[in-house]
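The file structure03.cif contains mmCIF, C-alpha atoms:
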```cif
data_run
loop_
_atom_site.label_atom_id
_atom_site.label_comp_id
_atom_site.auth_asym_id
_atom_site.auth_seq_id
_atom_site.Cartn_x
_atom_site.Cartn_y
_atom_site.Cartn_z
CA MET A 1 -29.56 -20.99 13.78
CA GLU A 2 -26.09 -20.77 12.29
CA PRO A 3 -24.30 -23.97 11.35
CA ALA A 4 -22.27 -25.31 14.25
CA ALA A 5 -18.89 -25.15 12.54
CA ALA A 6 -18.66 -22.90 9.48
CA PHE A 7 -14.90 -22.70 9.76
CA PRO A 8 -12.33 -25.47 9.41
CA VAL A 9 -10.50 -26.40 12.58
CA SER A 10 -7.95 -23.73 13.28
CA ASN A 11 -5.69 -22.72 16.12
CA ILE A 12 -3.05 -20.21 17.01
CA SER A 13 -0.39 -20.59 19.63
CA ALA A 14 2.55 -18.59 20.82
CA THR A 15 5.31 -19.86 23.05
CA GLY A 16 7.85 -17.86 25.03
CA ILE A 17 7.25 -14.64 23.14
CA ALA A 18 9.44 -11.67 23.99
CA CYS A 19 9.03 -8.33 22.32
CA ARG A 20 11.57 -5.55 22.08
CA ARG A 21 10.84 -2.08 20.79
CA GLY A 22 13.93 0.06 20.43
CA ASP A 23 16.04 -0.48 23.54
CA ARG A 24 13.14 -1.55 25.73
CA LEU A 25 12.09 -5.11 26.37
CA LEU A 26 8.30 -4.77 26.56
CA PHE A 27 7.41 -8.26 27.72
CA ALA A 28 8.99 -11.71 27.83
CA GLY A 29 7.99 -15.31 28.36
CA LEU A 30 4.44 -14.84 27.11
CA SER A 31 2.67 -17.97 25.88
CA LEU A 32 -0.88 -18.45 24.71
CA ARG A 33 -2.96 -20.93 22.79
CA VAL A 34 -6.43 -20.52 21.33
CA GLU A 35 -8.39 -23.29 19.62
CA SER A 36 -11.40 -23.20 17.30
CA GLY A 37 -14.35 -21.54 19.02
CA GLY A 38 -12.13 -19.92 21.62
CA ALA A 39 -11.80 -16.27 22.51
CA LEU A 40 -9.00 -14.41 24.24
CA HIS A 41 -9.09 -10.93 25.71
CA LEU A 42 -5.69 -9.25 25.97
CA THR A 43 -5.70 -6.52 28.59
CA GLY A 44 -3.16 -4.19 30.08
CA PRO A 45 -2.50 -0.48 30.43
CA ASN A 46 -1.30 1.63 27.49
CA GLY A 47 2.23 0.88 26.42
CA THR A 48 2.43 -2.67 27.77
CA GLY A 49 2.69 -4.05 24.25
CA LYS A 50 -0.81 -5.28 23.38
CA SER A 51 -0.62 -3.94 19.85
CA SER A 52 2.93 -5.27 19.41
CA LEU A 53 1.73 -8.69 20.56
CA MET A 54 -1.11 -8.49 18.04
CA ARG A 55 1.32 -7.66 15.27
CA ILE A 56 3.56 -10.53 16.35
CA LEU A 57 0.57 -12.91 16.29
CA ALA A 58 -0.33 -11.57 12.84
CA GLY A 59 3.22 -12.27 11.63
CA LEU A 60 3.87 -8.60 10.87
CA LEU A 61 6.48 -8.16 13.56
CA ARG A 62 9.30 -10.56 14.39
CA PRO A 63 9.32 -11.49 18.06
CA TYR A 64 12.58 -10.89 19.92
CA ALA A 65 12.29 -14.45 21.18
CA GLY A 66 9.76 -17.24 20.92
CA GLU A 67 7.61 -18.67 18.19
CA VAL A 68 4.11 -18.28 16.83
CA GLU A 69 2.32 -21.14 15.15
CA ARG A 70 -0.92 -20.65 13.34
CA ASN A 71 -3.21 -22.93 11.50
CA GLY A 72 -5.81 -21.02 9.51
CA ALA A 73 -6.17 -17.66 7.78
CA MET A 74 -6.13 -14.45 9.79
CA ALA A 75 -7.93 -11.14 9.56
CA LEU A 76 -6.59 -8.10 11.38
CA LEU A 77 -8.42 -5.02 12.55
CA ASP A 78 -6.23 -2.24 13.90
CA GLU A 79 -6.33 1.54 14.08
CA ARG A 80 -5.73 1.90 10.35
CA PRO A 81 -8.82 1.06 8.31
CA ALA A 82 -6.95 0.30 5.03
CA LEU A 83 -9.84 1.79 3.05
CA ASP A 84 -9.30 4.31 0.25
CA ALA A 85 -10.33 7.64 1.76
CA HIS A 86 -11.52 9.21 -1.49
CA LEU A 87 -13.75 6.32 -2.56
CA PRO A 88 -17.33 5.69 -1.46
CA LEU A 89 -17.32 3.06 1.27
CA GLY A 90 -19.01 0.49 -0.97
CA LYS A 91 -16.20 0.73 -3.53
CA ALA A 92 -13.46 0.76 -0.87
CA LEU A 93 -14.89 -2.41 0.66
CA GLY A 94 -15.44 -3.79 -2.84
CA PHE A 95 -11.69 -3.68 -3.46
CA TRP A 96 -11.06 -6.01 -0.51
CA ALA A 97 -13.99 -8.18 -1.58
CA ARG A 98 -12.29 -8.62 -4.96
CA CYS A 99 -8.98 -9.40 -3.24
CA ASP A 100 -10.66 -12.00 -1.04
CA GLY A 101 -13.00 -13.33 -3.71
CA VAL A 102 -16.09 -12.40 -1.70
CA ALA A 103 -19.43 -12.28 -3.50
CA PRO A 104 -21.19 -8.87 -3.50
CA ALA A 105 -24.20 -10.39 -1.76
CA ARG A 106 -22.03 -11.61 1.12
CA LEU A 107 -20.39 -8.18 1.36
CA GLU A 108 -23.81 -6.53 1.67
CA GLU A 109 -24.79 -9.00 4.35
CA VAL A 110 -21.63 -8.22 6.34
CA ALA A 111 -22.13 -4.46 5.83
CA GLY A 112 -25.61 -4.86 7.25
CA ALA A 113 -24.32 -6.82 10.24
CA CYS A 114 -21.81 -4.02 10.95
CA ALA A 115 -24.48 -1.32 10.45
CA VAL A 116 -22.64 0.39 7.61
CA ASP A 117 -25.07 -0.59 4.85
CA GLU A 118 -26.56 2.93 4.90
CA LEU A 119 -23.11 4.45 4.39
CA LEU A 120 -21.99 2.60 1.27
CA ASP A 121 -22.36 5.72 -0.91
CA VAL A 122 -20.47 8.00 1.48
CA PRO A 123 -16.77 8.67 0.76
CA VAL A 124 -14.64 7.10 3.46
CA ARG A 125 -13.03 10.41 4.44
CA TYR A 126 -16.44 11.79 5.53
CA LEU A 127 -17.08 8.92 7.95
CA SER A 128 -16.84 9.55 11.67
CA THR A 129 -14.36 7.68 13.85
CA GLY A 130 -16.95 5.14 14.95
CA GLN A 131 -18.34 4.67 11.46
CA ARG A 132 -14.82 4.13 10.13
CA LYS A 133 -14.21 1.53 12.82
CA ARG A 134 -17.38 -0.33 11.88
CA ALA A 135 -16.39 -0.12 8.20
CA ALA A 136 -12.99 -1.62 9.00
CA LEU A 137 -14.77 -4.31 11.00
CA ALA A 138 -16.88 -5.11 7.94
CA ARG A 139 -13.67 -5.44 5.90
CA THR A 140 -12.23 -7.75 8.56
CA ILE A 141 -15.31 -9.96 8.76
CA ALA A 142 -15.83 -10.13 4.98
CA ALA A 143 -12.34 -11.59 4.58
CA GLY A 144 -13.87 -14.82 5.88
CA ALA A 145 -10.82 -15.82 7.91
CA PRO A 146 -11.32 -18.10 10.93
CA ILE A 147 -8.81 -16.23 13.11
CA TRP A 148 -9.81 -12.68 14.03
CA LEU A 149 -7.24 -10.36 15.54
CA LEU A 150 -9.08 -7.28 16.77
CA ASP A 151 -6.84 -4.54 18.13
CA GLU A 152 -8.89 -2.06 20.17
CA PRO A 153 -12.11 -2.74 18.23
CA LEU A 154 -14.20 -0.66 20.65
CA ASN A 155 -12.32 2.63 20.31
CA GLY A 156 -14.70 5.37 19.21
CA LEU A 157 -17.80 3.16 19.26
CA ASP A 158 -21.08 4.08 20.97
CA THR A 159 -22.75 1.66 23.40
CA SER A 160 -25.03 0.04 20.82
CA SER A 161 -22.07 -0.53 18.49
CA VAL A 162 -20.10 -2.07 21.35
CA ALA A 163 -22.93 -4.54 21.88
CA MET A 164 -22.92 -5.21 18.13
CA VAL A 165 -19.18 -6.02 18.15
CA GLU A 166 -19.60 -8.31 21.17
CA ASP A 167 -22.46 -10.09 19.42
CA LEU A 168 -20.49 -10.49 16.17
CA ALA A 169 -17.48 -11.86 18.04
CA MET A 170 -19.64 -14.30 19.98
CA ARG A 171 -21.31 -15.61 16.84
CA HIS A 172 -17.92 -15.94 15.15
CA CYS A 173 -16.72 -18.16 17.99
CA GLU A 174 -19.93 -20.20 17.88
CA GLN A 175 -19.19 -20.95 14.25
CA GLY A 176 -15.80 -22.34 15.16
CA GLY A 177 -13.81 -19.16 14.64
CA ILE A 178 -11.12 -17.75 16.89
CA CYS A 179 -11.32 -14.27 18.30
CA ILE A 180 -8.38 -12.51 19.92
CA VAL A 181 -9.25 -9.04 21.18
CA ALA A 182 -6.79 -6.53 22.56
CA SER A 183 -8.68 -3.89 24.45
CA HIS A 184 -8.16 -1.83 27.57
CA GLN A 185 -11.92 -1.43 27.76
CA PRO A 186 -14.14 -4.17 29.18
CA ILE A 187 -15.66 -6.36 26.49
CA ALA A 188 -18.22 -9.08 27.10
CA LEU A 189 -16.99 -12.23 25.41
CA PRO A 190 -18.64 -15.33 26.86
CA GLY A 191 -16.06 -17.92 27.78
CA ALA A 192 -13.15 -15.72 26.83
CA ALA A 193 -9.84 -16.31 28.54
CA ARG A 194 -8.14 -13.19 29.84
CA LEU A 195 -4.47 -12.45 29.54
CA ASP A 196 -2.96 -9.39 31.15
CA VAL A 197 0.11 -8.45 29.12
CA ALA A 198 1.35 -6.38 32.07
CA ASP A 199 1.96 -9.67 33.97
CA TYR A 200 4.78 -10.43 31.55
CA THR A 201 6.42 -7.02 31.61
CA ALA A 202 10.14 -7.56 31.59
CA MET B 1 -3.46 -15.04 -5.59
CA THR B 2 -3.62 -13.97 -9.26
CA ARG B 3 -7.08 -12.57 -8.62
CA MET B 4 -5.78 -10.47 -5.75
CA TRP B 5 -2.78 -9.31 -7.79
CA LEU B 6 -5.02 -8.20 -10.65
CA ALA B 7 -7.31 -6.37 -8.23
CA ILE B 8 -4.27 -4.58 -6.81
CA LEU B 9 -2.97 -3.69 -10.27
CA LEU B 10 -6.34 -2.23 -11.24
CA ARG B 11 -6.56 -0.25 -8.01
CA ASP B 12 -3.01 1.09 -8.41
CA PHE B 13 -3.78 2.14 -11.97
CA ALA B 14 -7.00 3.94 -11.05
CA LEU B 15 -5.35 5.56 -8.05
CA LEU B 16 -2.34 6.88 -9.98
CA MET B 17 -4.47 7.93 -12.95
CA THR B 18 -6.86 10.04 -10.89
CA GLY B 19 -4.51 10.98 -8.08
CA GLY B 20 -6.82 9.33 -5.58
CA GLY B 21 -8.59 12.50 -4.50
CA ARG B 22 -5.33 14.10 -3.49
CA ARG B 23 -3.00 16.17 -5.63
CA GLY B 24 -3.47 15.84 -9.40
CA GLY B 25 -3.32 12.50 -11.13
CA ALA B 26 -1.47 11.44 -14.25
CA LEU B 27 -2.16 14.71 -16.03
CA LEU B 28 -0.06 16.82 -13.67
CA PRO B 29 3.40 15.48 -14.66
CA VAL B 30 2.46 15.80 -18.33
CA LEU B 31 1.37 19.42 -17.92
CA PHE B 32 4.59 20.05 -16.03
CA PHE B 33 6.57 18.50 -18.86
CA ILE B 34 4.79 20.58 -21.51
CA SER B 35 5.25 23.80 -19.57
CA VAL B 36 9.00 23.14 -19.31
CA ALA B 37 9.05 22.54 -23.05
CA ILE B 38 7.19 25.82 -23.66
CA LEU B 39 9.45 27.79 -21.32
CA LEU B 40 12.69 26.66 -22.86
CA PRO B 41 12.42 28.47 -26.21
CA PHE B 42 11.71 31.66 -24.26
CA ALA B 43 14.80 31.17 -22.15
CA ILE B 44 17.20 30.18 -24.95
CA GLY B 45 15.86 32.51 -27.59
CA PRO B 46 14.51 31.94 -31.09
CA ASP B 47 17.66 30.30 -32.45
CA ALA B 48 16.25 27.33 -34.38
CA LYS B 49 19.61 25.53 -34.64
CA MET B 50 20.34 25.91 -30.96
CA LEU B 51 16.87 24.63 -30.03
CA GLN B 52 17.25 21.71 -32.35
CA ARG B 53 20.60 20.78 -30.86
CA THR B 54 19.54 21.04 -27.22
CA GLY B 55 15.91 20.00 -27.64
CA GLY B 56 16.34 16.24 -27.35
CA GLY B 57 18.39 16.54 -24.17
CA ILE B 58 15.92 18.95 -22.62
CA VAL B 59 13.07 16.55 -23.37
CA TRP B 60 14.94 13.91 -21.39
CA VAL B 61 15.64 16.18 -18.43
CA ALA B 62 12.02 17.35 -18.37
CA ALA B 63 10.87 13.73 -18.51
CA LEU B 64 13.07 12.88 -15.52
CA LEU B 65 11.68 15.77 -13.51
CA ALA B 66 8.11 14.88 -14.45
CA ALA B 67 8.70 11.32 -13.26
CA ILE B 68 9.60 12.63 -9.80
CA LEU B 69 6.28 14.40 -9.25
CA PRO B 70 4.12 11.41 -8.27
CA LEU B 71 6.79 9.77 -6.08
CA ASP B 72 5.28 10.80 -2.74
CA ARG B 73 1.98 9.09 -3.43
CA LEU B 74 3.39 5.89 -4.89
CA VAL B 75 3.89 3.99 -1.63
CA GLU B 76 3.59 6.26 1.39
CA PRO B 77 -0.24 6.62 1.62
CA ASP B 78 -0.78 2.85 1.44
CA LEU B 79 1.86 2.20 4.06
CA GLU B 80 0.31 4.80 6.34
CA HIS B 81 -3.21 3.39 5.95
CA GLY B 82 -2.18 -0.20 6.61
CA PHE B 83 -2.76 -1.64 3.14
CA PHE B 84 0.56 -3.44 3.07
CA ASP B 85 -0.14 -5.15 6.40
CA GLN B 86 -3.51 -6.33 5.12
CA TRP B 87 -1.92 -7.77 1.98
CA ALA B 88 0.79 -9.43 4.06
CA LEU B 89 -1.90 -11.12 6.17
CA ARG B 90 -3.42 -12.49 3.00
CA GLY B 91 -0.08 -14.05 2.13
CA LEU B 92 0.78 -11.92 -0.89
CA ALA B 93 4.53 -11.21 -1.07
CA GLU B 94 5.54 -7.55 -1.10
CA GLU B 95 7.55 -8.20 -4.25
CA TRP B 96 4.39 -8.95 -6.22
CA ILE B 97 2.69 -5.82 -4.90
CA MET B 98 5.65 -3.68 -5.89
CA ALA B 99 5.78 -5.29 -9.35
CA ALA B 100 2.13 -4.34 -9.83
CA ARG B 101 2.90 -0.83 -8.72
CA ILE B 102 5.80 -0.47 -11.16
CA ILE B 103 3.53 -1.52 -14.02
CA ALA B 104 0.77 0.86 -12.91
CA HIS B 105 3.23 3.72 -12.45
CA TRP B 106 4.71 3.16 -15.90
CA LEU B 107 1.27 2.95 -17.53
CA THR B 108 0.15 6.20 -15.94
CA PHE B 109 3.17 8.32 -16.80
CA ALA B 110 5.13 6.96 -19.75
CA PRO B 111 2.52 6.72 -22.55
CA LEU B 112 1.17 10.19 -21.76
CA LEU B 113 4.68 11.59 -21.61
CA MET B 114 5.56 10.07 -24.98
CA LEU B 115 2.44 11.68 -26.39
CA ALA B 116 3.42 15.04 -24.92
CA VAL B 117 6.82 14.77 -26.64
CA LEU B 118 5.07 15.33 -29.97
CA PRO B 119 4.10 18.99 -29.35
CA ALA B 120 7.39 19.53 -27.52
CA SER B 121 9.38 18.32 -30.51
CA ALA B 122 7.55 20.86 -32.68
CA LEU B 123 8.55 23.62 -30.26
CA PHE B 124 12.19 22.50 -30.45
CA ASN B 125 12.10 22.11 -34.21
CA LEU B 126 13.26 18.47 -33.95
CA SER B 127 13.53 16.51 -37.19
CA ALA B 128 11.44 13.40 -37.71
CA GLN B 129 14.51 11.25 -37.18
CA GLN B 130 15.38 12.98 -33.90
CA LEU B 131 11.80 12.65 -32.75
CA GLY B 132 11.91 8.94 -33.53
CA LEU B 133 15.09 8.54 -31.49
CA VAL B 134 13.65 10.45 -28.53
CA GLU B 135 10.48 8.36 -28.54
CA LEU B 136 12.40 5.09 -28.87
CA GLY B 137 14.77 6.17 -26.13
CA LEU B 138 11.87 7.04 -23.82
CA LEU B 139 10.22 3.72 -24.58
CA ALA B 140 13.45 1.97 -23.55
CA GLY B 141 14.22 4.22 -20.58
CA THR B 142 10.89 4.91 -18.89
CA PRO B 143 10.35 1.39 -17.50
CA GLY B 144 13.64 1.85 -15.65
CA LEU B 145 12.50 5.25 -14.42
CA ALA B 146 9.23 3.75 -13.16
CA ALA B 147 11.09 0.97 -11.37
CA LEU B 148 13.51 3.45 -9.81
CA GLY B 149 10.61 5.65 -8.72
CA VAL B 150 8.75 2.85 -6.97
CA MET B 151 11.94 1.53 -5.36
CA ILE B 152 12.88 4.92 -3.95
CA ALA B 153 9.32 5.73 -2.92
CA ALA B 154 9.31 2.48 -0.92
CA ILE B 155 12.69 3.19 0.67
CA THR B 156 11.74 6.73 1.71
CA ALA B 157 8.14 5.90 2.74
CA GLY B 158 7.65 6.48 6.42
CA LEU B 159 10.64 8.79 6.69
CA ARG B 160 10.06 12.39 7.62
CA GLY B 161 10.65 14.63 4.60
CA GLY B 162 10.61 11.51 2.46
CA ALA B 163 9.08 13.35 -0.50
CA ALA B 164 11.94 15.81 -0.85
CA LEU B 165 14.50 13.09 -0.17
CA SER B 166 13.12 10.77 -2.85
CA GLY B 167 13.64 13.34 -5.60
CA LEU B 168 17.21 13.84 -4.50
CA MET B 169 17.82 10.08 -4.44
CA LEU B 170 16.24 9.37 -7.79
CA LEU B 171 18.11 11.88 -9.92
CA PRO B 172 21.66 10.53 -9.50
CA LEU B 173 20.46 6.96 -9.96
CA ALA B 174 18.73 7.97 -13.19
CA VAL B 175 21.97 9.33 -14.68
CA PRO B 176 22.82 6.13 -16.63
CA LEU B 177 19.40 6.19 -18.27
CA LEU B 178 19.89 9.83 -19.16
CA ILE B 179 23.38 9.31 -20.58
CA PHE B 180 22.39 6.40 -22.79
CA GLY B 181 18.94 7.66 -23.72
CA ALA B 182 19.90 11.24 -24.51
CA GLY B 183 23.32 10.17 -25.79
CA ALA B 184 21.67 8.20 -28.58
CA LEU B 185 20.60 11.58 -30.02
CA GLN B 186 24.17 12.81 -30.38
CA GLN B 187 25.38 9.70 -32.11
CA GLN B 188 22.26 9.31 -34.23
CA GLY B 189 22.34 5.63 -33.47
CA ALA B 190 20.43 2.93 -31.73
CA GLY B 191 23.40 1.74 -29.61
CA GLY B 192 22.60 4.17 -26.81
CA ILE B 193 18.95 3.17 -26.86
CA ALA B 194 19.87 -0.49 -26.52
CA LEU B 195 22.03 0.38 -23.50
CA ALA B 196 19.22 2.46 -21.98
CA GLY B 197 16.98 -0.54 -22.46
CA ALA B 198 19.52 -2.77 -20.74
CA VAL B 199 19.77 -0.41 -17.75
CA SER B 200 15.97 -0.35 -17.67
CA LEU B 201 15.78 -4.13 -17.61
CA VAL B 202 18.22 -4.38 -14.73
CA LEU B 203 16.28 -1.79 -12.75
CA VAL B 204 12.93 -3.46 -13.43
CA ALA B 205 14.39 -6.79 -12.34
CA VAL B 206 15.91 -5.45 -9.11
CA ALA B 207 13.31 -2.91 -8.02
CA PRO B 208 10.48 -5.21 -6.82
CA PHE B 209 12.89 -7.00 -4.48
CA ALA B 210 14.51 -3.85 -3.14
CA ALA B 211 11.12 -2.16 -2.69
CA GLY B 212 9.61 -5.26 -1.06
CA ALA B 213 12.48 -5.49 1.39
CA ALA B 214 12.06 -1.79 2.18
CA ILE B 215 8.37 -2.29 3.01
CA ARG B 216 9.19 -5.18 5.34
CA ALA B 217 11.94 -3.16 7.01
CA ALA B 218 9.49 -0.29 7.57
CA ARG B 219 7.36 -2.59 9.76
CA GLU B 220 10.04 -3.09 12.40
#
```
For the structure just supplied, provide its representation as structure tokens.
Amino acid sequence: MEPAAAFPVSNISATGIACRRGDRLLFAGLSLRVESGGALHLTGPNGTGKSSLMRILAGLLRPYAGEVERNGAMALLDERPALDAHLPLGKALGFWARCDGVAPARLEEVAGACAVDELLDVPVRYLSTGQRKRAALARTIAAGAPIWLLDEPLNGLDTSSVAMVEDLAMRHCEQGGICIVASHQPIALPGAARLDVADYTA
Amino acid sequence: MTRMWLAILLRDFALLMTGGGRRGGALLPVLFFISVAILLPFAIGPDAKMLQRTGGGIVWVAALLAAILPLDRLVEPDLEHGFFDQWALRGLAEEWIMAARIIAHWLTFAPLLMLAVLPASALFNLSAQQLGLVELGLLAGTPGLAALGVMIAAITAGLRGGAALSGLMLLPLAVPLLIFGAGALQQQGAGGIALAGAVSLVLVAVAPFAAGAAIRAARE
């Protein structure tokens, strides 16, 4: 059994967020709060601003209005893997492990949990879409941050990999982590709150 | 933070040295430089005096052009693949990342270029004193060129046709370096080199901030 709380107490909250892209106001008045051990599933059709909300939560995009407060480190998974395409996967992940000060043994453990341990010798550019997604997930998990921001983590994954992601997210929450998932696909996260971004469309 | 910065510096160096599996690495600009140096005597003719007089200036122009070659892979690929966002999430300021990149860019083009000046100076029949001035001038000027390159690569990253644009933007901004660096040859003095060094220092000091701001602006 995993320890009950591997992560320090963390939380993330957003109040009155509005997001504008170009001339369009995507959504307004959106508030959310997630505490340690909590999960949140952001839903909504394409173009409602799920990814923009993720980037606002990550602090990469300035909200048009409102404030985000976070307490704890964050790890982001989006459609760009941020892995050097010409390097073998092991080396590409190794770069982030060095950045994050992660021990090689821990990296191998995470690679195993994401089912990419067989692919560590394969150059990243030869990986399939699903394999690349799992590799990026391994990078995200290895960072060891309590707050996970997963933007469409299920895109390109087969059914067994989907179950793997759900399991990893569940265990992360059990250890006191926070998991915010933006996905238009159904994802089984026990106890996850749901937030439909389309409800806040301006 | 220092650990992450060092990891980034090492990665930048390896990436620029080998070309990162894309177009050629650090060798390509040097080969370009040497081929310009070989072509010139053919174009001007075998007039030793003429070659000697123009040689130093040509070395500088060729060095400028060689410095433009790697511009499109200095910043753009990392921006496209989300590296900068990942570093931002880890709390590392863009300024530090760009400073690392300037160092890596300088290390992968300037020392090799200064080495390539040796055979070029033989082709141009440069005297030992002229060669010394060219090398000193390059030593003073190339850090500024590296800083300019990274700054402009960051500003044009994410723009369509950014690669062609960056070359056009860099050349006029490099004119002060060229005037002082190559000008030192005409006057046979170190005054021009000192001024080239001063321009270099200013550029190195400004570039990380300008480039960092450009990366943040590209996110919006």
Should the cut-off be 8 Å, what would the residue list for chain A against chain B look like, counting all atoms listed in the file, as a PyMOL selection string?
chain A and resi 58-62+73-76+80-83+86+95+98-101
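Note that the spacing between CA of Ala140 (chain B) and CA of Glu76 (chain B) amounts to 27.2 Å.
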Can you give me, as a PDB file with C-alpha atoms, in the coordinates of the input, the residues this file yields under the PyMOL selection byres ((chain B and resi 154-167) around 6)?
```pdb
ATOM      1  CA  ILE B  68       9.600  12.630  -9.800  1.00  0.00           C
ATOM      2  CA  ASP B  72       5.280  10.800  -2.740  1.00  0.00           C
ATOM      3  CA  VAL B  75       3.890   3.990  -1.630  1.00  0.00           C
ATOM      4  CA  GLU B  76       3.590   6.260   1.390  1.00  0.00           C
ATOM      5  CA  MET B 151      11.940   1.530  -5.360  1.00  0.00           C
ATOM      6  CA  ILE B 152      12.880   4.920  -3.950  1.00  0.00           C
ATOM      7  CA  ALA B 153       9.320   5.730  -2.920  1.00  0.00           C
ATOM      8  CA  LEU B 168      17.210  13.840  -4.500  1.00  0.00           C
ATOM      9  CA  MET B 169      17.820  10.080  -4.440  1.00  0.00           C
ATOM     10  CA  LEU B 170      16.240   9.370  -7.790  1.00  0.00           C
ATOM     11  CA  ALA B 211      11.120  -2.160  -2.690  1.00  0.00           C
ATOM     12  CA  ALA B 214      12.060  -1.790   2.180  1.00  0.00           C
TER      13      ALA B 214
END
```
Distance query Ala66 (chain B) at most 9 Å, all atoms listed in the file, self and fewer than 2 positions along chain excluded, as a list in words:
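Here the qualifying residues turn out to be Leu28, Pro29, Val30, Leu31, Phe32, Phe33, Val61, Ala62, Ala63, Leu64, Ile68, Leu69, Pro70, Phe109 and Leu113 of chain B.
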Written as a list in words, what is the full residue list that the PyMOL selection byres ((chain A and resi 64) around 8) yields on the file shown?
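For this structure, the PyMOL selection byres ((chain A and resi 64) around 8) captures Ile17, Ala18, Cys19, Arg20, Arg62, Pro63, Ala65 and Gly66 of chain A.
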Could you expand the PyMOL selection byres ((chain A and resi 117-126) around 9) into the explicit residues it covers here, written as an NGL selection string?
:A and (83-93 or 108-116 or 127-128 or 131-132 or 135)
Shell of 7 Å around region 146-162 of chain A, all atoms listed in the file, local chain residues under 2 positions omitted, as a PyMOL selection string:
chain A and resi 7+10+51+54+72-78+129-130+144+164-166+177-183
Compare A:Leu168, A:Leu137, A:Cys173, A:Leu32 by their minimum atom-to-atom distance to Arg70 (chain A), counting only C-alpha atoms, and give me the closest one.
A:Leu32
Please compute the CA of Leu133 (chain B)-CA of Ala184 (chain B) distance, one decimal, in Å.
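Interatomic distance, CA of Leu133 (chain B) to CA of Ala184 (chain B): 7.2 Å.
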Would you mind writing region 144-155 of chain B with N, CA, C and O atoms, as a compact mmCIF listing (two decimals), in the coordinates of the input?
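And here's selection_35.txt as it stands now:
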```txt
# COMPACT_ATOMS: atom_id res chain seq x y z
N GLY B 144 12.62 1.74 -16.69
CA GLY B 144 13.64 1.85 -15.65
C GLY B 144 13.33 2.99 -14.70
O GLY B 144 13.50 2.86 -13.49
N LEU B 145 12.86 4.11 -15.26
CA LEU B 145 12.50 5.25 -14.42
C LEU B 145 11.36 4.88 -13.47
O LEU B 145 11.37 5.23 -12.29
N ALA B 146 10.36 4.16 -14.00
CA ALA B 146 9.23 3.75 -13.16
C ALA B 146 9.70 2.84 -12.04
O ALA B 146 9.30 2.99 -10.88
N ALA B 147 10.58 1.89 -12.38
CA ALA B 147 11.09 0.97 -11.37
C ALA B 147 11.87 1.71 -10.30
O ALA B 147 11.70 1.47 -9.10
N LEU B 148 12.73 2.64 -10.76
CA LEU B 148 13.51 3.45 -9.81
C LEU B 148 12.58 4.23 -8.89
O LEU B 148 12.79 4.29 -7.67
N GLY B 149 11.55 4.83 -9.49
CA GLY B 149 10.61 5.65 -8.72
C GLY B 149 9.94 4.85 -7.62
O GLY B 149 9.90 5.28 -6.47
N VAL B 150 9.45 3.67 -7.97
CA VAL B 150 8.75 2.85 -6.97
C VAL B 150 9.73 2.40 -5.89
O VAL B 150 9.42 2.42 -4.70
N MET B 151 10.95 2.01 -6.32
CA MET B 151 11.94 1.53 -5.36
C MET B 151 12.27 2.64 -4.35
O MET B 151 12.27 2.41 -3.13
N ILE B 152 12.50 3.84 -4.86
CA ILE B 152 12.88 4.92 -3.95
C ILE B 152 11.71 5.38 -3.11
O ILE B 152 11.86 5.71 -1.93
N ALA B 153 10.51 5.37 -3.71
CA ALA B 153 9.32 5.73 -2.92
C ALA B 153 9.16 4.75 -1.76
O ALA B 153 8.79 5.15 -0.65
N ALA B 154 9.44 3.46 -1.99
CA ALA B 154 9.31 2.48 -0.92
C ALA B 154 10.38 2.69 0.14
O ALA B 154 10.11 2.55 1.34
N ILE B 155 11.60 3.02 -0.30
CA ILE B 155 12.69 3.19 0.67
C ILE B 155 12.45 4.42 1.54
O ILE B 155 12.72 4.41 2.74
```
